[in-house]
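Structure file my_file-v1.tsv; described as TSV, C-alpha atoms and all ligand atoms.
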chain	number	residue	atom	x	y	z
A	89	MET	CA	0.00	0.00	0.00
A	90	GLY	CA	1.10	3.47	-0.60
A	91	CYS	CA	0.25	6.61	1.20
A	92	HIS	CA	-0.83	10.12	0.47
A	93	THR	CA	2.07	12.29	-0.52
A	94	GLY	CA	0.62	15.52	0.79
A	95	ALA	CA	2.03	17.22	-2.30
A	96	GLY	CA	-0.77	18.16	-4.68
A	97	SER	CA	-3.34	17.43	-2.01
A	98	ASN	CA	-6.23	19.81	-1.50
A	99	ILE	CA	-6.05	18.96	2.19
A	100	THR	CA	-3.80	21.56	3.67
A	101	ASN	CA	-2.63	19.78	6.78
A	102	ALA	CA	-2.20	16.31	5.28
A	103	ILE	CA	1.00	14.78	6.61
A	104	PRO	CA	3.74	14.69	3.98
A	105	MET	CA	4.85	11.19	3.14
A	106	PRO	CA	7.73	9.79	1.15
A	107	ALA	CA	6.86	10.36	-2.51
A	108	GLN	CA	4.95	7.49	-4.12
A	109	THR	CA	2.88	7.30	-7.24
A	110	PRO	CA	-0.87	7.29	-6.59
A	111	THR	CA	-2.51	4.55	-8.66
A	112	THR	CA	-6.14	5.68	-8.42
A	113	PRO	CA	-7.65	9.09	-9.13
A	114	ALA	CA	-9.04	11.14	-6.26
A	115	THR	CA	-12.70	10.31	-5.63
A	116	ASP	CA	-15.52	12.41	-4.19
A	117	SER	CA	-15.85	11.18	-0.60
A	118	ARG	CA	-19.60	11.60	-0.51
A	119	THR	CA	-20.18	9.08	-3.28
A	120	HIS	CA	-17.26	6.90	-2.30
A	121	ARG	CA	-16.78	4.74	0.77
A	122	SER	CA	-14.76	7.00	3.01
A	123	ALA	CA	-14.07	7.04	6.71
A	124	PHE	CA	-12.49	9.39	9.20
A	125	ILE	CA	-10.83	7.84	12.25
A	126	THR	CA	-9.78	9.64	15.41
A	127	GLY	CA	-7.25	7.55	17.31
A	128	ILE	CA	-5.98	5.92	14.12
A	129	THR	CA	-2.51	5.34	15.62
A	130	GLY	CA	-3.89	3.16	18.44
A	131	GLN	CA	-4.45	-0.58	18.56
A	132	ASP	CA	-8.06	-0.45	17.36
A	133	GLY	CA	-7.38	2.36	14.90
A	134	SER	CA	-4.74	0.32	13.12
A	135	TYR	CA	-6.88	-2.83	12.87
A	136	LEU	CA	-9.91	-0.81	11.78
A	137	THR	CA	-7.81	0.91	9.12
A	138	GLU	CA	-6.77	-2.47	7.70
A	139	HIS	CA	-10.37	-3.68	7.73
A	140	LEU	CA	-11.67	-0.58	5.94
A	141	LEU	CA	-8.86	-0.50	3.38
A	142	ALA	CA	-9.61	-4.13	2.52
A	143	GLN	CA	-13.24	-3.12	1.85
A	144	GLY	CA	-12.10	-0.44	-0.58
A	145	TYR	CA	-12.60	2.55	1.72
A	146	THR	CA	-10.53	5.67	1.59
A	147	VAL	CA	-9.38	6.15	5.17
A	148	HIS	CA	-8.56	9.54	6.70
A	149	GLY	CA	-6.92	9.55	10.11
A	150	LEU	CA	-6.44	12.30	12.65
A	151	VAL	CA	-2.94	12.30	14.13
A	152	ARG	CA	-1.79	14.50	16.97
A	153	ARG	CA	1.70	15.98	16.80
A	154	ALA	CA	2.33	14.20	20.11
A	155	SER	CA	1.48	10.89	18.43
A	156	MET	CA	4.34	11.29	15.97
A	157	PHE	CA	6.44	9.17	18.32
A	158	ASN	CA	3.74	6.54	18.60
A	159	ARG	CA	2.95	5.96	14.95
A	160	SER	CA	4.63	2.64	14.38
A	161	ARG	CA	1.36	0.68	14.06
A	162	ILE	CA	-0.04	2.85	11.27
A	163	ASP	CA	3.35	3.42	9.64
A	164	LYS	CA	3.77	-0.35	9.27
A	165	ILE	CA	0.43	-0.56	7.43
A	166	ARG	CA	1.54	2.20	5.06
A	167	ALA	CA	4.95	0.69	4.55
A	168	ARG	CA	3.43	-2.55	3.24
A	169	GLN	CA	2.22	-0.64	0.15
A	170	GLU	CA	-0.70	-3.01	-0.50
A	171	TYR	CA	-3.17	-0.25	-1.43
A	172	PRO	CA	-3.17	2.79	-3.73
A	173	ALA	CA	-1.27	5.75	-2.37
A	174	ASP	CA	-4.27	8.01	-1.83
A	175	GLN	CA	-6.36	5.42	0.03
A	176	LEU	CA	-4.88	6.22	3.44
A	177	VAL	CA	-4.41	9.87	4.37
A	178	LEU	CA	-3.17	11.08	7.73
A	179	HIS	CA	-3.91	14.63	8.90
A	180	TYR	CA	-2.36	16.56	11.71
A	181	GLY	CA	-4.99	17.74	14.12
A	182	ASP	CA	-6.21	17.62	17.65
A	183	LEU	CA	-9.66	17.17	19.12
A	184	SER	CA	-8.90	20.02	21.51
A	185	ASP	CA	-8.72	22.27	18.44
A	186	LEU	CA	-12.24	21.68	17.19
A	187	THR	CA	-12.30	24.50	14.67
A	188	SER	CA	-9.62	22.75	12.65
A	189	VAL	CA	-11.38	19.40	13.02
A	190	ARG	CA	-14.61	20.95	11.73
A	191	ARG	CA	-12.71	22.39	8.77
A	192	LEU	CA	-11.13	19.02	8.10
A	193	LEU	CA	-14.50	17.27	8.20
A	194	ARG	CA	-15.89	19.72	5.66
A	195	GLN	CA	-12.89	19.22	3.41
A	196	ILE	CA	-12.84	15.44	3.37
A	197	SER	CA	-16.62	14.83	3.74
A	198	PRO	CA	-16.36	11.30	5.18
A	199	ARG	CA	-19.42	9.07	5.14
A	200	GLU	CA	-18.41	7.34	8.35
A	201	VAL	CA	-16.64	8.69	11.44
A	202	TYR	CA	-15.04	6.33	13.95
A	203	HIS	CA	-14.20	8.11	17.17
A	204	LEU	CA	-11.59	6.03	19.00
A	205	ALA	CA	-9.31	8.74	20.40
A	206	GLY	CA	-8.75	9.69	24.02
A	207	GLN	CA	-6.74	8.81	27.11
A	208	SER	CA	-7.61	5.12	27.53
A	209	HIS	CA	-5.73	3.97	30.63
A	210	VAL	CA	-8.08	3.50	33.57
A	211	GLY	CA	-5.35	3.60	36.24
A	212	LEU	CA	-3.86	6.75	34.73
A	213	SER	CA	-7.27	8.42	34.76
A	214	PHE	CA	-6.91	8.70	38.55
A	215	GLU	CA	-3.64	10.62	38.03
A	216	ILE	CA	-4.84	12.90	35.21
A	217	PRO	CA	-8.64	13.07	35.61
A	218	GLU	CA	-9.11	16.46	33.94
A	219	VAL	CA	-7.16	15.53	30.82
A	220	THR	CA	-9.05	12.23	30.68
A	221	CYS	CA	-12.46	13.89	30.96
A	222	HIS	CA	-11.60	16.59	28.41
A	223	GLU	CA	-10.16	14.12	25.89
A	224	ILE	CA	-13.07	11.70	26.23
A	225	GLY	CA	-16.10	13.71	27.31
A	226	MET	CA	-15.72	17.17	25.84
A	227	ALA	CA	-14.05	15.94	22.65
A	228	THR	CA	-16.98	13.64	21.93
A	229	LEU	CA	-19.40	16.49	22.54
A	230	GLY	CA	-17.41	18.72	20.19
A	231	LEU	CA	-17.42	16.09	17.47
A	232	LEU	CA	-21.16	15.54	17.80
A	233	GLU	CA	-21.71	19.29	17.49
A	234	ALA	CA	-19.50	19.36	14.40
A	235	LEU	CA	-21.48	16.52	12.81
A	236	ARG	CA	-24.74	18.27	13.64
A	237	ASP	CA	-23.63	21.25	11.57
A	238	LEU	CA	-22.62	19.26	8.49
A	239	ASP	CA	-24.96	19.62	5.52
A	240	TYR	CA	-25.07	15.90	4.76
A	241	PRO	CA	-25.63	12.83	6.96
A	242	VAL	CA	-22.65	11.09	8.55
A	243	ARG	CA	-22.57	7.83	10.48
A	244	PHE	CA	-20.78	8.13	13.81
A	245	TYR	CA	-19.23	5.33	15.88
A	246	HIS	CA	-18.25	6.12	19.46
A	247	ALA	CA	-15.88	3.80	21.31
A	248	ALA	CA	-17.63	3.35	24.64
A	249	SER	CA	-16.35	0.98	27.30
A	250	SER	CA	-17.48	-1.61	29.82
A	251	GLU	CA	-16.06	0.85	32.39
A	252	ILE	CA	-19.37	2.77	32.17
A	253	PHE	CA	-20.81	-0.09	34.29
A	254	GLY	CA	-17.92	0.07	36.81
A	255	SER	CA	-19.54	-1.60	39.79
A	256	PRO	CA	-22.48	-3.17	37.96
A	257	VAL	CA	-25.83	-3.90	39.52
A	258	VAL	CA	-26.42	-6.82	37.13
A	259	SER	CA	-24.19	-9.44	35.57
A	260	PRO	CA	-23.70	-9.98	32.71
A	261	GLN	CA	-24.35	-6.45	31.49
A	262	THR	CA	-26.42	-5.56	28.45
A	263	GLU	CA	-27.06	-2.34	26.53
A	264	ASN	CA	-29.81	-1.55	29.05
A	265	SER	CA	-27.78	-2.02	32.24
A	266	PRO	CA	-27.48	1.12	34.38
A	267	PHE	CA	-24.23	3.12	34.32
A	268	ASN	CA	-22.23	3.05	37.56
A	269	PRO	CA	-18.63	4.07	36.77
A	270	VAL	CA	-16.00	3.93	39.52
A	271	ASN	CA	-13.10	5.87	37.96
A	272	PRO	CA	-12.67	9.14	36.00
A	273	TYR	CA	-12.25	7.22	32.74
A	274	GLY	CA	-15.56	5.39	33.23
A	275	CYS	CA	-17.31	8.64	34.21
A	276	ALA	CA	-16.10	10.35	31.03
A	277	LYS	CA	-17.14	7.37	28.86
A	278	ALA	CA	-20.59	7.32	30.52
A	279	PHE	CA	-20.99	11.04	29.75
A	280	ALA	CA	-19.96	10.54	26.11
A	281	THR	CA	-22.13	7.43	25.66
A	282	GLN	CA	-25.19	9.21	26.98
A	283	LEU	CA	-24.50	12.22	24.76
A	284	CYS	CA	-24.45	9.95	21.71
A	285	ARG	CA	-27.89	8.70	22.72
A	286	VAL	CA	-29.15	12.27	23.24
A	287	TYR	CA	-27.87	13.48	19.86
A	288	ARG	CA	-29.39	10.43	18.19
A	289	ARG	CA	-32.80	11.16	19.66
A	290	ALA	CA	-32.72	14.96	19.60
A	291	TYR	CA	-31.20	15.58	16.16
A	292	GLY	CA	-31.56	12.26	14.34
A	293	ILE	CA	-27.79	11.87	14.04
A	294	PHE	CA	-26.67	8.32	13.22
A	295	SER	CA	-24.57	8.03	16.37
A	296	CYS	CA	-23.97	4.77	18.17
A	297	SER	CA	-21.68	3.40	20.85
A	298	GLY	CA	-19.89	0.09	20.92
A	299	ILE	CA	-19.72	-0.78	24.62
A	300	ALA	CA	-16.53	-2.75	24.25
A	301	TYR	CA	-15.09	-4.94	26.98
A	302	ASN	CA	-11.32	-5.51	27.12
A	303	HIS	CA	-9.96	-6.42	23.72
A	304	GLU	CA	-6.30	-7.12	23.31
A	305	SER	CA	-3.70	-8.01	20.71
A	306	PRO	CA	0.04	-7.99	20.06
A	307	ARG	CA	-0.45	-4.30	19.17
A	308	ARG	CA	-1.65	-3.45	22.67
A	309	GLY	CA	0.35	-0.77	24.51
A	310	GLU	CA	2.85	-2.09	27.04
A	311	ASN	CA	1.19	-0.29	29.97
A	312	PHE	CA	-1.93	-2.48	29.73
A	313	VAL	CA	-1.75	-5.62	31.78
A	314	THR	CA	-2.08	-8.21	28.99
A	315	ARG	CA	0.83	-6.87	26.95
A	316	LYS	CA	2.88	-6.29	30.08
A	317	ILE	CA	2.37	-9.96	30.95
A	318	THR	CA	3.10	-11.46	27.52
A	319	LEU	CA	6.15	-9.25	27.06
A	320	GLY	CA	7.38	-10.06	30.58
A	321	ALA	CA	6.88	-13.81	30.16
A	322	THR	CA	8.83	-13.83	26.90
A	323	ARG	CA	11.65	-11.69	28.30
A	324	ILE	CA	11.92	-13.94	31.37
A	325	ARG	CA	12.08	-17.02	29.15
A	326	HIS	CA	14.94	-15.45	27.18
A	327	GLY	CA	16.76	-14.26	30.30
A	328	ARG	CA	16.15	-10.59	29.48
A	329	GLN	CA	14.08	-9.89	32.61
A	330	ALA	CA	14.16	-11.49	36.07
A	331	VAL	CA	10.79	-10.66	37.65
A	332	LEU	CA	7.40	-9.40	36.44
A	333	HIS	CA	5.80	-6.97	38.90
A	334	LEU	CA	2.02	-6.79	38.75
A	335	GLY	CA	-0.89	-5.33	40.68
A	336	ASN	CA	-4.12	-7.05	41.65
A	337	LEU	CA	-3.97	-10.67	40.42
A	338	GLU	CA	-7.53	-11.32	41.64
A	339	ALA	CA	-9.07	-8.88	39.13
A	340	LYS	CA	-11.07	-10.51	36.36
A	341	ARG	CA	-11.71	-9.22	32.88
A	342	ASP	CA	-13.82	-10.22	29.86
A	343	TRP	CA	-10.99	-10.44	27.32
A	344	GLY	CA	-11.45	-10.69	23.57
A	345	TYR	CA	-9.26	-10.19	20.50
A	346	ALA	CA	-9.12	-6.65	19.05
A	347	PRO	CA	-9.19	-7.52	15.29
A	348	GLU	CA	-12.55	-9.22	15.86
A	349	TYR	CA	-13.95	-6.16	17.65
A	350	VAL	CA	-13.22	-3.72	14.82
A	351	VAL	CA	-15.40	-5.85	12.52
A	352	ALA	CA	-18.33	-5.26	14.88
A	353	MET	CA	-17.60	-1.51	14.89
A	354	TRP	CA	-17.81	-1.41	11.12
A	355	ARG	CA	-20.98	-3.56	11.00
A	356	MET	CA	-22.67	-1.18	13.43
A	357	LEU	CA	-22.35	1.63	10.90
A	358	GLN	CA	-23.82	-0.53	8.12
A	359	LEU	CA	-27.15	-1.00	9.92
A	360	GLU	CA	-30.27	0.82	8.82
A	361	SER	CA	-30.61	2.64	12.11
A	362	PRO	CA	-28.18	3.47	14.91
A	363	GLU	CA	-28.11	1.37	18.03
A	364	ASP	CA	-25.67	0.75	20.91
A	365	PHE	CA	-24.12	-2.69	21.26
A	366	VAL	CA	-22.27	-4.54	23.99
A	367	LEU	CA	-19.14	-6.13	22.46
A	368	ALA	CA	-17.91	-8.85	24.80
A	369	THR	CA	-17.05	-12.52	25.08
A	370	GLY	CA	-19.34	-13.22	28.06
A	371	ARG	CA	-16.52	-14.93	29.99
A	372	ALA	CA	-14.30	-13.59	32.75
A	373	CYS	CA	-10.75	-14.71	33.39
A	374	SER	CA	-8.44	-13.56	36.21
A	375	ILE	CA	-5.09	-11.83	35.81
A	376	ARG	CA	-3.55	-14.89	37.46
A	377	GLU	CA	-5.03	-17.21	34.79
A	378	PHE	CA	-3.78	-14.89	32.05
A	379	VAL	CA	-0.29	-14.91	33.59
A	380	ALA	CA	-0.27	-18.72	33.82
A	381	ALA	CA	-1.34	-19.09	30.17
A	382	ALA	CA	1.26	-16.60	28.89
A	383	PHE	CA	4.09	-18.32	30.79
A	384	ALA	CA	2.85	-21.78	29.73
A	385	GLU	CA	3.03	-20.67	26.09
A	386	ASN	CA	6.70	-19.94	26.81
A	387	GLY	CA	7.17	-23.44	28.24
A	388	LEU	CA	7.22	-22.19	31.85
A	389	GLU	CA	4.82	-23.76	34.36
A	390	LEU	CA	4.17	-21.55	37.39
A	391	ALA	CA	3.26	-22.27	41.01
A	392	PHE	CA	1.47	-19.42	42.81
A	393	GLU	CA	1.79	-19.01	46.58
A	394	GLY	CA	0.76	-16.45	49.19
A	395	ARG	CA	-2.12	-14.00	49.04
A	396	GLY	CA	-2.74	-10.32	48.24
A	397	VAL	CA	0.42	-8.20	48.11
A	398	GLU	CA	2.41	-11.17	49.44
A	399	GLU	CA	1.55	-13.37	46.45
A	400	ILE	CA	4.36	-14.62	44.23
A	401	ALA	CA	4.74	-17.16	41.42
A	402	ARG	CA	7.72	-19.49	41.04
A	403	ARG	CA	8.92	-21.41	38.01
A	404	LYS	CA	8.13	-25.05	38.71
A	405	ASP	CA	11.36	-26.20	37.03
A	406	THR	CA	13.87	-23.97	38.86
A	407	GLY	CA	11.90	-22.60	41.83
A	408	GLU	CA	12.90	-19.03	40.86
A	409	VAL	CA	10.42	-16.28	41.74
A	410	VAL	CA	9.31	-14.73	38.44
A	411	VAL	CA	6.12	-12.87	39.42
A	412	LYS	CA	5.67	-10.53	42.39
A	413	VAL	CA	2.72	-8.42	43.42
A	414	ASP	CA	3.51	-4.74	43.81
A	415	SER	CA	1.01	-2.46	45.53
A	416	ARG	CA	2.08	0.44	43.27
A	417	TYR	CA	-0.03	-1.09	40.50
A	418	PHE	CA	-3.22	-1.27	42.57
A	419	ARG	CA	-5.92	1.28	41.80
A	420	PRO	CA	-7.78	3.42	44.37
A	421	ILE	CA	-10.97	1.60	43.33
A	422	GLU	CA	-10.97	-1.57	41.24
A	423	SER	CA	-13.83	-2.10	38.78
A	424	SER	CA	-15.81	-5.21	39.58
A	425	GLU	CA	-15.85	-8.36	37.54
A	426	LEU	CA	-17.30	-6.90	34.36
A	427	VAL	CA	-18.81	-9.46	31.98
A	428	GLY	CA	-20.81	-8.52	28.92
A	429	ASP	CA	-23.79	-10.13	27.22
A	430	ALA	CA	-23.32	-9.62	23.48
A	431	SER	CA	-26.58	-11.35	22.46
A	432	LEU	CA	-27.83	-8.27	20.63
A	433	ALA	CA	-24.60	-8.02	18.60
A	434	ARG	CA	-24.90	-11.71	17.75
A	435	LYS	CA	-28.48	-11.24	16.56
A	436	SER	CA	-28.26	-7.89	14.76
A	437	LEU	CA	-24.64	-7.84	13.58
A	438	GLY	CA	-24.02	-11.56	13.15
A	439	TRP	CA	-20.98	-11.00	15.38
A	440	ALA	CA	-19.53	-13.51	17.82
A	441	PRO	CA	-16.02	-13.37	19.30
A	442	GLN	CA	-13.85	-16.39	18.55
A	443	THR	CA	-10.71	-15.75	20.60
A	444	ILE	CA	-11.43	-15.59	24.31
A	445	GLY	CA	-9.56	-15.14	27.62
A	446	THR	CA	-6.51	-17.41	27.90
A	447	ASP	CA	-6.62	-18.03	24.10
A	448	VAL	CA	-5.82	-14.33	23.77
A	449	ALA	CA	-2.92	-14.79	26.22
A	450	SER	CA	-1.51	-17.68	24.17
A	451	LEU	CA	-1.90	-15.82	20.89
A	452	MET	CA	-0.16	-12.72	22.27
A	453	ALA	CA	2.65	-14.78	23.81
A	454	ARG	CA	3.24	-16.53	20.47
A	455	ALA	CA	3.46	-13.13	18.77
A	456	GLU	CA	6.09	-11.97	21.30
A	457	SER	CA	8.15	-15.12	20.61
A	458	GLU	CA	7.89	-14.54	16.88
A	459	GLN	CA	9.14	-10.99	17.40
A	460	VAL	CA	12.14	-12.29	19.36
A	461	ARG	CA	12.83	-14.83	16.60
A	462	LEU	CA	12.76	-12.06	13.97
A	463	GLU	CA	15.07	-9.86	16.07
A	464	GLN	CA	17.52	-12.74	16.52
A	465	ALA	CA	17.37	-13.57	12.80
A	466	GLY	CA	18.61	-10.21	11.96
B	1	LIG	O1	-6.08	-3.53	33.50
B	1	LIG	C1	-5.19	-5.21	36.65
B	1	LIG	C2	-5.91	-3.88	36.74
B	1	LIG	O2	-4.99	-1.58	32.43
B	1	LIG	C3	-6.79	-4.73	33.55
B	1	LIG	C4	-8.74	-0.28	28.59
B	1	LIG	O3	-8.70	-0.66	27.25
B	1	LIG	O4	-10.24	-2.07	29.13
B	1	LIG	C5	-8.99	-1.49	29.47
B	1	LIG	O5	-8.97	-1.06	30.81
B	1	LIG	C6	-6.82	-5.25	34.97
B	1	LIG	C7	-7.22	-4.24	36.03
B	1	LIG	O6	-7.12	-2.58	31.44
B	1	LIG	C8	-1.65	-4.62	36.57
B	1	LIG	O7	-6.09	-3.51	38.11
B	1	LIG	C9	-3.01	-5.94	37.63
B	1	LIG	O8	-8.09	-4.85	36.91
B	1	LIG	O9	-5.02	-3.78	31.21
B	1	LIG	P1	-5.71	-2.84	32.11
B	1	LIG	P2	-8.49	-1.99	32.02
B	1	LIG	O10	-8.28	-1.11	33.20
B	1	LIG	O11	-9.44	-3.11	32.21
B	1	LIG	C10	-11.38	-1.20	29.27
B	1	LIG	C11	-12.59	-1.94	28.79
B	1	LIG	C12	-11.17	0.11	28.61
B	1	LIG	O12	-12.10	0.71	28.08
B	1	LIG	C13	-9.85	0.75	28.77
B	1	LIG	O13	-9.65	1.79	27.84
B	1	LIG	O14	-5.49	-5.66	35.32
B	1	LIG	N1	-3.75	-5.15	36.79
B	1	LIG	N2	-1.71	-5.63	37.51
B	1	LIG	C14	-2.93	-4.34	36.12
B	1	LIG	N3	-3.18	-3.41	35.18
B	1	LIG	C15	-2.11	-2.74	34.66
B	1	LIG	N4	-2.33	-1.83	33.67
B	1	LIG	N5	-0.83	-2.99	35.07
B	1	LIG	C16	-0.52	-3.93	36.03
B	1	LIG	O15	0.62	-4.13	36.39

Go ahead and express the file in the form of C-alpha cells.
Amino acid sequence: MGCHTGAGSNITNAIPMPAQTPTTPATDSRTHRSAFITGITGQDGSYLTEHLLAQGYTVHGLVRRASMFNRSRIDKIRARQEYPADQLVLHYGDLSDLTSVRRLLRQISPREVYHLAGQSHVGLSFEIPEVTCHEIGMATLGLLEALRDLDYPVRFYHAASSEIFGSPVVSPQTENSPFNPVNPYGCAKAFATQLCRVYRRAYGIFSCSGIAYNHESPRRGENFVTRKITLGATRIRHGRQAVLHLGNLEAKRDWGYAPEYVVAMWRMLQLESPEDFVLATGRACSIREFVAAAFAENGLELAFEGRGVEEIARRKDTGEVVVKVDSRYFRPIESSELVGDASLARKSLGWAPQTIGTDVASLMARAESEQVRLEQAG
C-alpha cells in the first residue's frame, strides 16, 4: 500500500509522506466509501484501518503531533504498500482544536466517522482526571456538534467501554444495564455514551456506541496488563528480565481479540438505524489465569503461593520467583468483575467473538516469541 504524498493534495494539513505514485484518481468522498478515524494510531485504529482498506474505503486519520512518536502501528500498514497511495491519508490535528477538526470534516466529507481517540488507561485516569475527561467527554461532545452542523448525513461510531458499568448492579451487562462508573475514565465514557444517545434522539444523528469490553492483541500498549504480561513472560524465558511486577492478580476481565472487535464496529455503521451494542465474550478470566497461560506458552509452568500483596509465582522447574505483586499497581478503586452479554450483537450484527480469555494470552505470547525470533534472525 502506498500513502498520500501531501504534495498536490487539496487537504492543507495532510502529513507529507515519502513520494509514491498514486494509482487511483481522487474520488468524491460523498459518493465513495470513506471514513475518518480519530485515534488511528492506536491498537483499534490500526486494525480498523486495515479492515476498511480491505473493503475499498478511503481512510482519513487524525494524528496528533504528540502521536508522531507513537505511529509505528499505522506506519507499518503504510509501509506494506498493498493499497493505492491516496487510500490512506493522515492529517495533523487535535480534538482540543475543534475549529480545525470541523474544517477538516468539511474538506474530506467522510461518510463514516469512527471516534476512537482519548486517554484510555483506567489507572492513569486517577492521576490525570481532567485531561481524561476533556479528551473523552468534551471531545466527543465537540465532534457531535461538528457533525450536527454538516450539511449531509454522517454515520458516527463512538468507542464506549465496559467501564461505564464500573460496579455493575447486574451481571452480565447488556445495553440496558445502568451506568455506575468507579473511575474518572468510566465517568467520562458514561458522559460521552449518553451524549451519543441524546444526539441520536434529539437531532436524528446516526450516532452509536460500541460498549466494548477488554480487547487485546500484540499491538496493545505495554502499559496495559495483557501486553505487560506477555512481554514479561517472553523476556523472562529469554533471560532478558528477572521478575514481572504486577498489581491485583484477583481482578477478572472479559478479554477478547481486538481484530474481531473492529469488525463489529464497522458492521454497526452498516445498519439501517443506529443502536448501541455490547461487544464482549461473556466470559471472565483472572489476571492470574492470564499470567499462567502466557508463561505456559513460553514453556514455563508456574506455582502461585501467598495472598494479596504477598503473592508470588515461582517457576516449577527452577523454583525461581518470576512474578511478584507490587502495591504500586493497585488502583484506588478496582472495577468489579465486568462481563458482557453480546446477544444483541450476535443477533443484529451476526458477530460472535472467537478468541477468548486465555486463548488471547496464548496468541499474544506466540506473537512476542515470533518478534524475538525475527530480532535474533537479523
Ligand atoms: O487492567 C489489573 C488492573 O490496564 C486490567 C482499557 O482498554 O479495558 C482497558 O482497561 C486489569 C485491572 O485494562 C496490573 O487492576 C493488575 O483490573 O489492562 P488494564 P483496564 O483497566 O481493564 C477497558 C474496557 C477500557 O475501556 C480501557 O480503555 O489488570 N492489573 N496488575 C494491572 N493493570 C495494569 N495496567 N498494570 C498492572 O501491572

Please, which residues have at least one atom within 7 Å of an atom of ligand LIG 1 (chain B), using only C-alpha atoms and all ligand atoms, listed as JSON, numbers by chain?
{"A": [208, 209, 210, 211, 249, 250, 251, 300, 301, 302, 303, 311, 312, 313, 314, 333, 334, 335, 336, 337, 339, 340, 341, 375, 417, 418, 419, 422, 423]}

For Thr220 (chain A), which of A:His179, A:His148, A:Arg191, A:Lys277 is the closest residue, counting only C-alpha atoms?
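Among A:His179, A:His148, A:Arg191, A:Lys277, it is A:Lys277 that comes nearest to Thr220 (chain A).
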
For a quick check of understanding, using only C-alpha atoms, which of A:Glu456, A:Asp163, A:Asp414, A:Asp132 has the smallest distance to His326 (chain A)?
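Using only C-alpha atoms, His326 (chain A) sits closest to A:Glu456.
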
Selected residue of minimal separation from Val413 (chain A) among A:Ala368, A:Leu332, A:Ala290, A:Ala276, counting only C-alpha atoms
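Nearest candidate to Val413 (chain A) out of A:Ala368, A:Leu332, A:Ala290, A:Ala276: A:Leu332.
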
When you look at Asp342 (chain A) with a cut-off of 7 Å (counting all atoms listed in the file), what residues show up, excluding the ones that are within fewer than 4 positions of it in the same chain? I need them as a PyMOL selection string.
chain A and resi 301-302+368-373+426-427+445

Can those selected residues be exported to a file as a compact mmCIF listing (two decimals), keeping the file's coordinate frame so that it contains C-alpha atoms?
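Below is the file again07.txt, written as the result:
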# COMPACT_ATOMS: atom_id res chain seq x y z
CA TYR A 301 -15.09 -4.94 26.98
CA ASN A 302 -11.32 -5.51 27.12
CA ALA A 368 -17.91 -8.85 24.80
CA THR A 369 -17.05 -12.52 25.08
CA GLY A 370 -19.34 -13.22 28.06
CA ARG A 371 -16.52 -14.93 29.99
CA ALA A 372 -14.30 -13.59 32.75
CA CYS A 373 -10.75 -14.71 33.39
CA LEU A 426 -17.30 -6.90 34.36
CA VAL A 427 -18.81 -9.46 31.98
CA GLY A 445 -9.56 -15.14 27.62

CA of Asp405 (chain A) to CA of Ala380 (chain A): how many Å, to one decimal?
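Between CA of Asp405 (chain A) and CA of Ala380 (chain A) the gap is 14.2 Å.
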
Shell around Ala142 (chain A) at 12 Å using all atoms listed in the file, local window under 2 positions removed, as a PyMOL selection string
chain A and resi 89+121+135-140+144-147+165+170-172+175-176+351

Would you work out the distance separating CA of Glu223 (chain A) from CA of Arg315 (chain A), expressed in Å to one decimal?
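For CA of Glu223 (chain A) relative to CA of Arg315 (chain A), the distance reads 23.7 Å.
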
Can you work out which one of A:Arg288, A:Ser457, A:Glu348, A:Val411 has the shortest atom-to-atom distance to Val331 (chain A), counting all atoms listed in the file?
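Closest to Val331 (chain A) of all the choices is A:Val411.
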
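Shortest separation to Gly327 (chain A) among A:Ile162, A:Val151, A:Leu229, A:Val410 occurs at residue A:Val410, atoms counted being all atoms listed in the file.
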